[in-house]
$ cat entry-v9.pdb   # PDB, C-alpha atoms and all ligand atoms
MODEL        1
ATOM      1  CA  MET H   1     116.746 114.896 108.135  1.00  0.00           C
ATOM      2  CA  ILE H   2     115.206 112.686 105.433  1.00  0.00           C
ATOM      3  CA  GLU H   3     117.056 109.347 105.419  1.00  0.00           C
ATOM      4  CA  ARG H   4     116.800 105.936 103.831  1.00  0.00           C
ATOM      5  CA  THR H   5     117.273 102.629 105.609  1.00  0.00           C
ATOM      6  CA  LEU H   6     117.263  98.950 104.634  1.00  0.00           C
ATOM      7  CA  SER H   7     114.655  96.641 106.146  1.00  0.00           C
ATOM      8  CA  ILE H   8     114.685  92.848 106.008  1.00  0.00           C
ATOM      9  CA  VAL H   9     111.657  90.893 107.209  1.00  0.00           C
ATOM     10  CA  LYS H  10     113.535  87.715 108.143  1.00  0.00           C
ATOM     11  CA  PRO H  11     112.489  84.075 107.459  1.00  0.00           C
ATOM     12  CA  ASP H  12     110.912  83.610 110.916  1.00  0.00           C
ATOM     13  CA  ALA H  13     108.588  86.611 110.544  1.00  0.00           C
ATOM     14  CA  VAL H  14     107.760  85.732 106.905  1.00  0.00           C
ATOM     15  CA  ALA H  15     106.798  82.199 108.069  1.00  0.00           C
ATOM     16  CA  LYS H  16     104.526  83.740 110.719  1.00  0.00           C
ATOM     17  CA  HIS H  17     102.759  85.775 107.987  1.00  0.00           C
ATOM     18  CA  GLY H  18     104.290  88.935 109.394  1.00  0.00           C
ATOM     19  CA  ILE H  19     105.179  90.821 106.189  1.00  0.00           C
ATOM     20  CA  GLY H  20     101.917  92.753 106.062  1.00  0.00           C
ATOM     21  CA  LYS H  21     101.991  93.524 109.782  1.00  0.00           C
ATOM     22  CA  VAL H  22     105.561  94.841 109.581  1.00  0.00           C
ATOM     23  CA  LEU H  23     104.651  96.962 106.532  1.00  0.00           C
ATOM     24  CA  ALA H  24     101.607  98.323 108.392  1.00  0.00           C
ATOM     25  CA  ARG H  25     103.815  99.403 111.299  1.00  0.00           C
ATOM     26  CA  ILE H  26     106.265 101.027 108.856  1.00  0.00           C
ATOM     27  CA  GLU H  27     103.499 102.973 107.113  1.00  0.00           C
ATOM     28  CA  GLU H  28     101.616 103.860 110.288  1.00  0.00           C
ATOM     29  CA  GLY H  29     104.965 104.907 111.767  1.00  0.00           C
ATOM     30  CA  GLY H  30     105.398 107.606 109.123  1.00  0.00           C
ATOM     31  CA  LEU H  31     107.899 105.877 106.820  1.00  0.00           C
ATOM     32  CA  GLU H  32     107.516 105.309 103.068  1.00  0.00           C
ATOM     33  CA  VAL H  33     108.369 102.021 101.326  1.00  0.00           C
ATOM     34  CA  VAL H  34     110.324 103.173  98.247  1.00  0.00           C
ATOM     35  CA  ALA H  35     111.591  99.772  96.979  1.00  0.00           C
ATOM     36  CA  GLY H  36     110.879  96.130  97.743  1.00  0.00           C
ATOM     37  CA  ARG H  37     111.935  92.585  96.807  1.00  0.00           C
ATOM     38  CA  PHE H  38     110.788  89.146  97.966  1.00  0.00           C
ATOM     39  CA  LEU H  39     113.650  86.696  97.609  1.00  0.00           C
ATOM     40  CA  ARG H  40     115.581  83.796  99.060  1.00  0.00           C
ATOM     41  CA  ILE H  41     119.069  84.933 100.118  1.00  0.00           C
ATOM     42  CA  THR H  42     121.957  82.686  99.032  1.00  0.00           C
ATOM     43  CA  ARG H  43     124.644  81.572 101.482  1.00  0.00           C
ATOM     44  CA  ALA H  44     127.188  83.822  99.742  1.00  0.00           C
ATOM     45  CA  GLU H  45     124.828  86.802 100.007  1.00  0.00           C
ATOM     46  CA  ALA H  46     124.181  86.158 103.715  1.00  0.00           C
ATOM     47  CA  GLU H  47     127.923  85.877 104.401  1.00  0.00           C
ATOM     48  CA  GLY H  48     128.544  89.088 102.454  1.00  0.00           C
ATOM     49  CA  PHE H  49     125.715  91.035 104.035  1.00  0.00           C
ATOM     50  CA  TYR H  50     126.760  90.050 107.577  1.00  0.00           C
ATOM     51  CA  GLY H  51     130.511  90.237 106.795  1.00  0.00           C
ATOM     52  CA  VAL H  52     131.166  92.551 109.769  1.00  0.00           C
ATOM     53  CA  HIS H  53     130.030  89.700 112.051  1.00  0.00           C
ATOM     54  CA  ARG H  54     132.297  87.071 110.416  1.00  0.00           C
ATOM     55  CA  GLU H  55     134.374  86.552 113.588  1.00  0.00           C
ATOM     56  CA  ARG H  56     131.369  86.368 115.922  1.00  0.00           C
ATOM     57  CA  PRO H  57     130.408  82.951 117.360  1.00  0.00           C
ATOM     58  CA  PHE H  58     126.865  83.265 115.976  1.00  0.00           C
ATOM     59  CA  PHE H  59     127.941  84.023 112.375  1.00  0.00           C
ATOM     60  CA  ASN H  60     127.409  80.542 110.889  1.00  0.00           C
ATOM     61  CA  ASP H  61     124.069  79.988 112.571  1.00  0.00           C
ATOM     62  CA  LEU H  62     122.915  83.466 111.567  1.00  0.00           C
ATOM     63  CA  CYS H  63     123.747  82.795 107.891  1.00  0.00           C
ATOM     64  CA  THR H  64     121.977  79.411 108.053  1.00  0.00           C
ATOM     65  CA  PHE H  65     118.889  81.069 109.525  1.00  0.00           C
ATOM     66  CA  MET H  66     118.866  83.899 106.972  1.00  0.00           C
ATOM     67  CA  THR H  67     118.926  81.376 104.102  1.00  0.00           C
ATOM     68  CA  SER H  68     116.290  79.077 105.663  1.00  0.00           C
ATOM     69  CA  GLY H  69     113.353  80.682 103.864  1.00  0.00           C
ATOM     70  CA  PRO H  70     112.306  83.713 101.853  1.00  0.00           C
ATOM     71  CA  VAL H  71     112.762  87.260 103.127  1.00  0.00           C
ATOM     72  CA  PHE H  72     111.158  90.580 102.228  1.00  0.00           C
ATOM     73  CA  VAL H  73     113.788  93.270 101.686  1.00  0.00           C
ATOM     74  CA  SER H  74     112.760  96.891 101.343  1.00  0.00           C
ATOM     75  CA  VAL H  75     114.074 100.443 101.373  1.00  0.00           C
ATOM     76  CA  LEU H  76     112.328 102.843 103.731  1.00  0.00           C
ATOM     77  CA  GLU H  77     112.451 106.607 103.533  1.00  0.00           C
ATOM     78  CA  GLY H  78     111.434 109.355 105.943  1.00  0.00           C
ATOM     79  CA  GLU H  79     112.434 111.760 108.666  1.00  0.00           C
ATOM     80  CA  ASN H  80     115.192 110.098 110.749  1.00  0.00           C
ATOM     81  CA  ALA H  81     114.270 106.802 109.063  1.00  0.00           C
ATOM     82  CA  ILE H  82     117.199 104.853 110.533  1.00  0.00           C
ATOM     83  CA  ALA H  83     116.415 105.571 114.200  1.00  0.00           C
ATOM     84  CA  ARG H  84     112.661 105.613 113.579  1.00  0.00           C
ATOM     85  CA  TYR H  85     112.693 102.108 112.070  1.00  0.00           C
ATOM     86  CA  ARG H  86     114.849 100.815 114.918  1.00  0.00           C
ATOM     87  CA  GLU H  87     112.211 102.128 117.339  1.00  0.00           C
ATOM     88  CA  ILE H  88     109.495 100.327 115.365  1.00  0.00           C
ATOM     89  CA  LEU H  89     111.569  97.106 115.483  1.00  0.00           C
ATOM     90  CA  GLY H  90     112.446  97.251 119.198  1.00  0.00           C
ATOM     91  CA  ALA H  91     115.692  96.018 120.774  1.00  0.00           C
ATOM     92  CA  THR H  92     117.823  93.425 118.904  1.00  0.00           C
ATOM     93  CA  ASP H  93     117.181  90.989 121.774  1.00  0.00           C
ATOM     94  CA  PRO H  94     113.405  90.418 121.791  1.00  0.00           C
ATOM     95  CA  ALA H  95     113.518  89.804 125.548  1.00  0.00           C
ATOM     96  CA  LYS H  96     114.395  93.520 125.839  1.00  0.00           C
ATOM     97  CA  ALA H  97     112.082  94.774 123.058  1.00  0.00           C
ATOM     98  CA  ALA H  98     109.312  97.175 124.128  1.00  0.00           C
ATOM     99  CA  PRO H  99     105.733  95.807 123.996  1.00  0.00           C
ATOM    100  CA  GLY H 100     104.072  96.289 120.590  1.00  0.00           C
ATOM    101  CA  THR H 101     107.354  96.443 118.646  1.00  0.00           C
ATOM    102  CA  VAL H 102     107.963  94.090 115.712  1.00  0.00           C
ATOM    103  CA  ARG H 103     110.502  92.040 117.640  1.00  0.00           C
ATOM    104  CA  ALA H 104     108.325  91.783 120.747  1.00  0.00           C
ATOM    105  CA  LEU H 105     105.567  90.392 118.505  1.00  0.00           C
ATOM    106  CA  PHE H 106     107.432  88.152 116.045  1.00  0.00           C
ATOM    107  CA  ALA H 107     110.954  87.359 117.245  1.00  0.00           C
ATOM    108  CA  THR H 108     111.953  84.030 118.771  1.00  0.00           C
ATOM    109  CA  ASP H 109     115.361  84.951 120.219  1.00  0.00           C
ATOM    110  CA  ILE H 110     118.313  87.303 119.652  1.00  0.00           C
ATOM    111  CA  GLU H 111     119.275  85.459 116.434  1.00  0.00           C
ATOM    112  CA  LYS H 112     115.820  84.750 115.022  1.00  0.00           C
ATOM    113  CA  ASN H 113     114.778  88.314 115.691  1.00  0.00           C
ATOM    114  CA  ALA H 114     112.146  88.843 112.956  1.00  0.00           C
ATOM    115  CA  ALA H 115     113.592  91.853 111.142  1.00  0.00           C
ATOM    116  CA  HIS H 116     116.692  93.880 110.371  1.00  0.00           C
ATOM    117  CA  GLY H 117     117.129  97.640 110.140  1.00  0.00           C
ATOM    118  CA  SER H 118     120.344  99.476 109.222  1.00  0.00           C
ATOM    119  CA  ASP H 119     122.152 100.999 112.203  1.00  0.00           C
ATOM    120  CA  ALA H 120     123.780 104.124 110.688  1.00  0.00           C
ATOM    121  CA  PRO H 121     123.774 106.235 107.478  1.00  0.00           C
ATOM    122  CA  GLU H 122     126.935 104.625 106.079  1.00  0.00           C
ATOM    123  CA  THR H 123     125.735 101.059 106.713  1.00  0.00           C
ATOM    124  CA  ALA H 124     122.315 101.984 105.281  1.00  0.00           C
ATOM    125  CA  ARG H 125     123.989 103.172 102.066  1.00  0.00           C
ATOM    126  CA  ILE H 126     126.040  99.961 101.776  1.00  0.00           C
ATOM    127  CA  GLU H 127     123.110  97.682 102.659  1.00  0.00           C
ATOM    128  CA  ILE H 128     120.723  99.389 100.208  1.00  0.00           C
ATOM    129  CA  GLY H 129     123.350  99.016  97.449  1.00  0.00           C
ATOM    130  CA  PHE H 130     123.724  95.340  98.356  1.00  0.00           C
ATOM    131  CA  PHE H 131     120.107  94.468  97.497  1.00  0.00           C
ATOM    132  CA  PHE H 132     119.252  97.315  95.111  1.00  0.00           C
ATOM    133  CA  PRO H 133     122.443  97.880  93.115  1.00  0.00           C
ATOM    134  CA  GLY H 134     122.333 100.879  90.828  1.00  0.00           C
ATOM    135  CA  CYS H 135     118.582 100.951  91.159  1.00  0.00           C
ATOM    136  CA  GLU H 136     116.706 104.230  90.829  1.00  0.00           C
ATOM    137  CA  LEU H 137     114.339 104.222  93.794  1.00  0.00           C
ATOM    138  CA  VAL H 138     110.916 105.786  93.301  1.00  0.00           C
TER     139      VAL H 138
HETATM  140  P1  LIG N   1     120.402  92.251 112.700  1.00  0.00           P
HETATM  141  O1  LIG N   1     119.775  93.549 113.012  1.00  0.00           O
HETATM  142  O2  LIG N   1     120.029  91.579 111.425  1.00  0.00           O
HETATM  143  O3  LIG N   1     122.003  92.423 112.731  1.00  0.00           O
HETATM  144  C1  LIG N   1     122.879  91.384 113.093  1.00  0.00           C
HETATM  145  C2  LIG N   1     122.167  90.137 113.505  1.00  0.00           C
HETATM  146  O4  LIG N   1     122.953  89.210 114.204  1.00  0.00           O
HETATM  147  C3  LIG N   1     121.082  90.511 114.506  1.00  0.00           C
HETATM  148  O5  LIG N   1     120.061  91.229 113.881  1.00  0.00           O
HETATM  149  C4  LIG N   1     120.728  89.141 115.043  1.00  0.00           C
HETATM  150  O6  LIG N   1     119.918  88.392 114.140  1.00  0.00           O
HETATM  151  C5  LIG N   1     122.096  88.497 115.085  1.00  0.00           C
HETATM  152  N1  LIG N   1     122.701  88.577 116.422  1.00  0.00           N
HETATM  153  C6  LIG N   1     123.162  89.680 117.045  1.00  0.00           C
HETATM  154  N2  LIG N   1     123.661  89.373 118.252  1.00  0.00           N
HETATM  155  C7  LIG N   1     123.520  88.039 118.397  1.00  0.00           C
HETATM  156  C8  LIG N   1     123.853  87.103 119.422  1.00  0.00           C
HETATM  157  N3  LIG N   1     124.433  87.485 120.558  1.00  0.00           N
HETATM  158  N4  LIG N   1     123.551  85.808 119.219  1.00  0.00           N
HETATM  159  C9  LIG N   1     122.962  85.403 118.062  1.00  0.00           C
HETATM  160  N5  LIG N   1     122.642  86.245 117.042  1.00  0.00           N
HETATM  161  C10 LIG N   1     122.904  87.534 117.211  1.00  0.00           C
ENDMDL
END

$ encode --input "entry-v9.pdb" --output "structure tokens" --more "lines below"
Ligand code: CMP
Amino acid sequence: MIERTLSIVKPDAVAKHGIGKVLARIEEGGLEVVAGRFLRITRAEAEGFYGVHRERPFFNDLCTFMTSGPVFVSVLEGENAIARYREILGATDPAKAAPGTVRALFATDIEKNAAHGSDAPETARIEIGFFFPGCELV
């Protein structure tokens, strides 16, 4: 099934000059980049985007990290894009991420984990709308 998913190259990976390397893995992995923005997320945006984690102990720190520097947000499209991109990223906890994955290469720890990928079709739809509202994707 052709799907779309939201990718965020997080401030840690951007600071390590990882944008191009993440995009290369996306493209070599058979996914298309169909929209992209380079921006600095505001506190309100971070709190909104990660709203489902509001009650978690790491919520405040996570929002501080996500606003600590610019991020590269993009929409990816392809066959099983949601699961495919999560394979490319590796496990959320970089200590458990397979060798060669984005998180194994760029992540510091489970919070500063280099990149985000949507986890399901419904969250992908919401997350894409969050950063690309009403936008016709190419
Ligand atoms: P992400 O894929 O962006 O989705 C939620 C984020 O919360 C996750 O990546 C991590 O950055 C962060 N996160 C998840 N679990 C933990 C945890 N146990 N401690 C700190 N941060 C976490």

$ atom_distance --input "entry-v9.pdb" --atom1 "atom CA of H:Asn80" --atom2 "atom CA of H:Arg4"
8.2 Å

$ closest_residue --input "entry-v9.pdb" --among "H:Ile110, H:Thr64, H:Gly90, H:Met1" --to "ligand LIG 1 (chain N)" --atoms "all atoms listed in the file"
H:Ile110

$ closest_residue --input "entry-v9.pdb" --among "H:Phe132, H:Phe49, H:Phe58, H:Phe65" --to "ligand LIG 1 (chain N)" --atoms "all atoms listed in the file"
H:Phe58

$ residues_near_ligand --input "entry-v9.pdb" --ligand "ligand LIG 1 (chain N)" --cutoff "10 Å" --atoms "only C-alpha atoms and all ligand atoms" --output "VMD selection string"
chain H and resid 7 to 10 49 to 53 56 to 63 65 to 66 86 89 91 to 93 107 109 to 119

$ closest_residue --input "entry-v9.pdb" --among "H:Ala46, H:Ala24, H:Val73, H:Leu6" --to "H:Val102" --atoms "all atoms listed in the file"
H:Ala24

$ closest_residue --input "entry-v9.pdb" --among "H:Glu79, H:Arg84, H:Phe106, H:Ser74" --to "H:Gly129" --atoms "only C-alpha atoms"
H:Ser74

$ build_atoms --input "entry-v9.pdb" --residues "stretch 2-28 of chain H" --atoms "N, CA and C atoms" --output "tab-separated table (two decimals), in the frame of the given file"
chain	number	residue	atom	x	y	z
H	2	ILE	N	115.80	113.81	106.17
H	2	ILE	CA	115.21	112.69	105.43
H	2	ILE	C	116.30	111.66	105.15
H	3	GLU	N	116.08	110.43	105.60
H	3	GLU	CA	117.06	109.35	105.42
H	3	GLU	C	116.39	108.16	104.74
H	4	ARG	N	117.26	107.25	104.30
H	4	ARG	CA	116.80	105.94	103.83
H	4	ARG	C	117.44	104.86	104.68
H	5	THR	N	116.74	103.75	104.84
H	5	THR	CA	117.27	102.63	105.61
H	5	THR	C	116.85	101.32	104.95
H	6	LEU	N	117.62	100.26	105.20
H	6	LEU	CA	117.26	98.95	104.63
H	6	LEU	C	116.54	98.12	105.69
H	7	SER	N	115.43	97.54	105.29
H	7	SER	CA	114.66	96.64	106.15
H	7	SER	C	114.70	95.23	105.56
H	8	ILE	N	114.89	94.24	106.42
H	8	ILE	CA	114.68	92.85	106.01
H	8	ILE	C	113.68	92.22	106.96
H	9	VAL	N	112.55	91.75	106.42
H	9	VAL	CA	111.66	90.89	107.21
H	9	VAL	C	112.24	89.49	107.05
H	10	LYS	N	112.73	88.94	108.17
H	10	LYS	CA	113.54	87.72	108.14
H	10	LYS	C	112.65	86.46	108.01
H	11	PRO	N	113.28	85.29	107.72
H	11	PRO	CA	112.49	84.08	107.46
H	11	PRO	C	111.50	83.70	108.56
H	12	ASP	N	111.84	83.97	109.83
H	12	ASP	CA	110.91	83.61	110.92
H	12	ASP	C	109.62	84.43	110.84
H	13	ALA	N	109.77	85.74	110.60
H	13	ALA	CA	108.59	86.61	110.54
H	13	ALA	C	107.79	86.37	109.26
H	14	VAL	N	108.48	86.06	108.14
H	14	VAL	CA	107.76	85.73	106.90
H	14	VAL	C	106.92	84.47	107.14
H	15	ALA	N	107.52	83.46	107.81
H	15	ALA	CA	106.80	82.20	108.07
H	15	ALA	C	105.59	82.42	108.97
H	16	LYS	N	105.67	83.43	109.83
H	16	LYS	CA	104.53	83.74	110.72
H	16	LYS	C	103.54	84.70	110.06
H	17	HIS	N	103.64	84.87	108.74
H	17	HIS	CA	102.76	85.78	107.99
H	17	HIS	C	102.84	87.20	108.52
H	18	GLY	N	104.10	87.62	108.79
H	18	GLY	CA	104.29	88.94	109.39
H	18	GLY	C	104.61	90.06	108.42
H	19	ILE	N	104.76	89.76	107.12
H	19	ILE	CA	105.18	90.82	106.19
H	19	ILE	C	104.20	91.99	106.24
H	20	GLY	N	102.92	91.69	106.10
H	20	GLY	CA	101.92	92.75	106.06
H	20	GLY	C	101.88	93.54	107.37
H	21	LYS	N	102.06	92.83	108.48
H	21	LYS	CA	101.99	93.52	109.78
H	21	LYS	C	103.20	94.43	109.97
H	22	VAL	N	104.38	93.97	109.49
H	22	VAL	CA	105.56	94.84	109.58
H	22	VAL	C	105.37	96.05	108.67
H	23	LEU	N	104.88	95.83	107.45
H	23	LEU	CA	104.65	96.96	106.53
H	23	LEU	C	103.63	97.94	107.12
H	24	ALA	N	102.60	97.42	107.78
H	24	ALA	CA	101.61	98.32	108.39
H	24	ALA	C	102.26	99.20	109.45
H	25	ARG	N	103.13	98.60	110.27
H	25	ARG	CA	103.82	99.40	111.30
H	25	ARG	C	104.73	100.45	110.67
H	26	ILE	N	105.39	100.08	109.57
H	26	ILE	CA	106.26	101.03	108.86
H	26	ILE	C	105.43	102.21	108.37
H	27	GLU	N	104.31	101.91	107.71
H	27	GLU	CA	103.50	102.97	107.11
H	27	GLU	C	102.79	103.80	108.18
H	28	GLU	N	102.28	103.12	109.20
H	28	GLU	CA	101.62	103.86	110.29
H	28	GLU	C	102.64	104.66	111.09
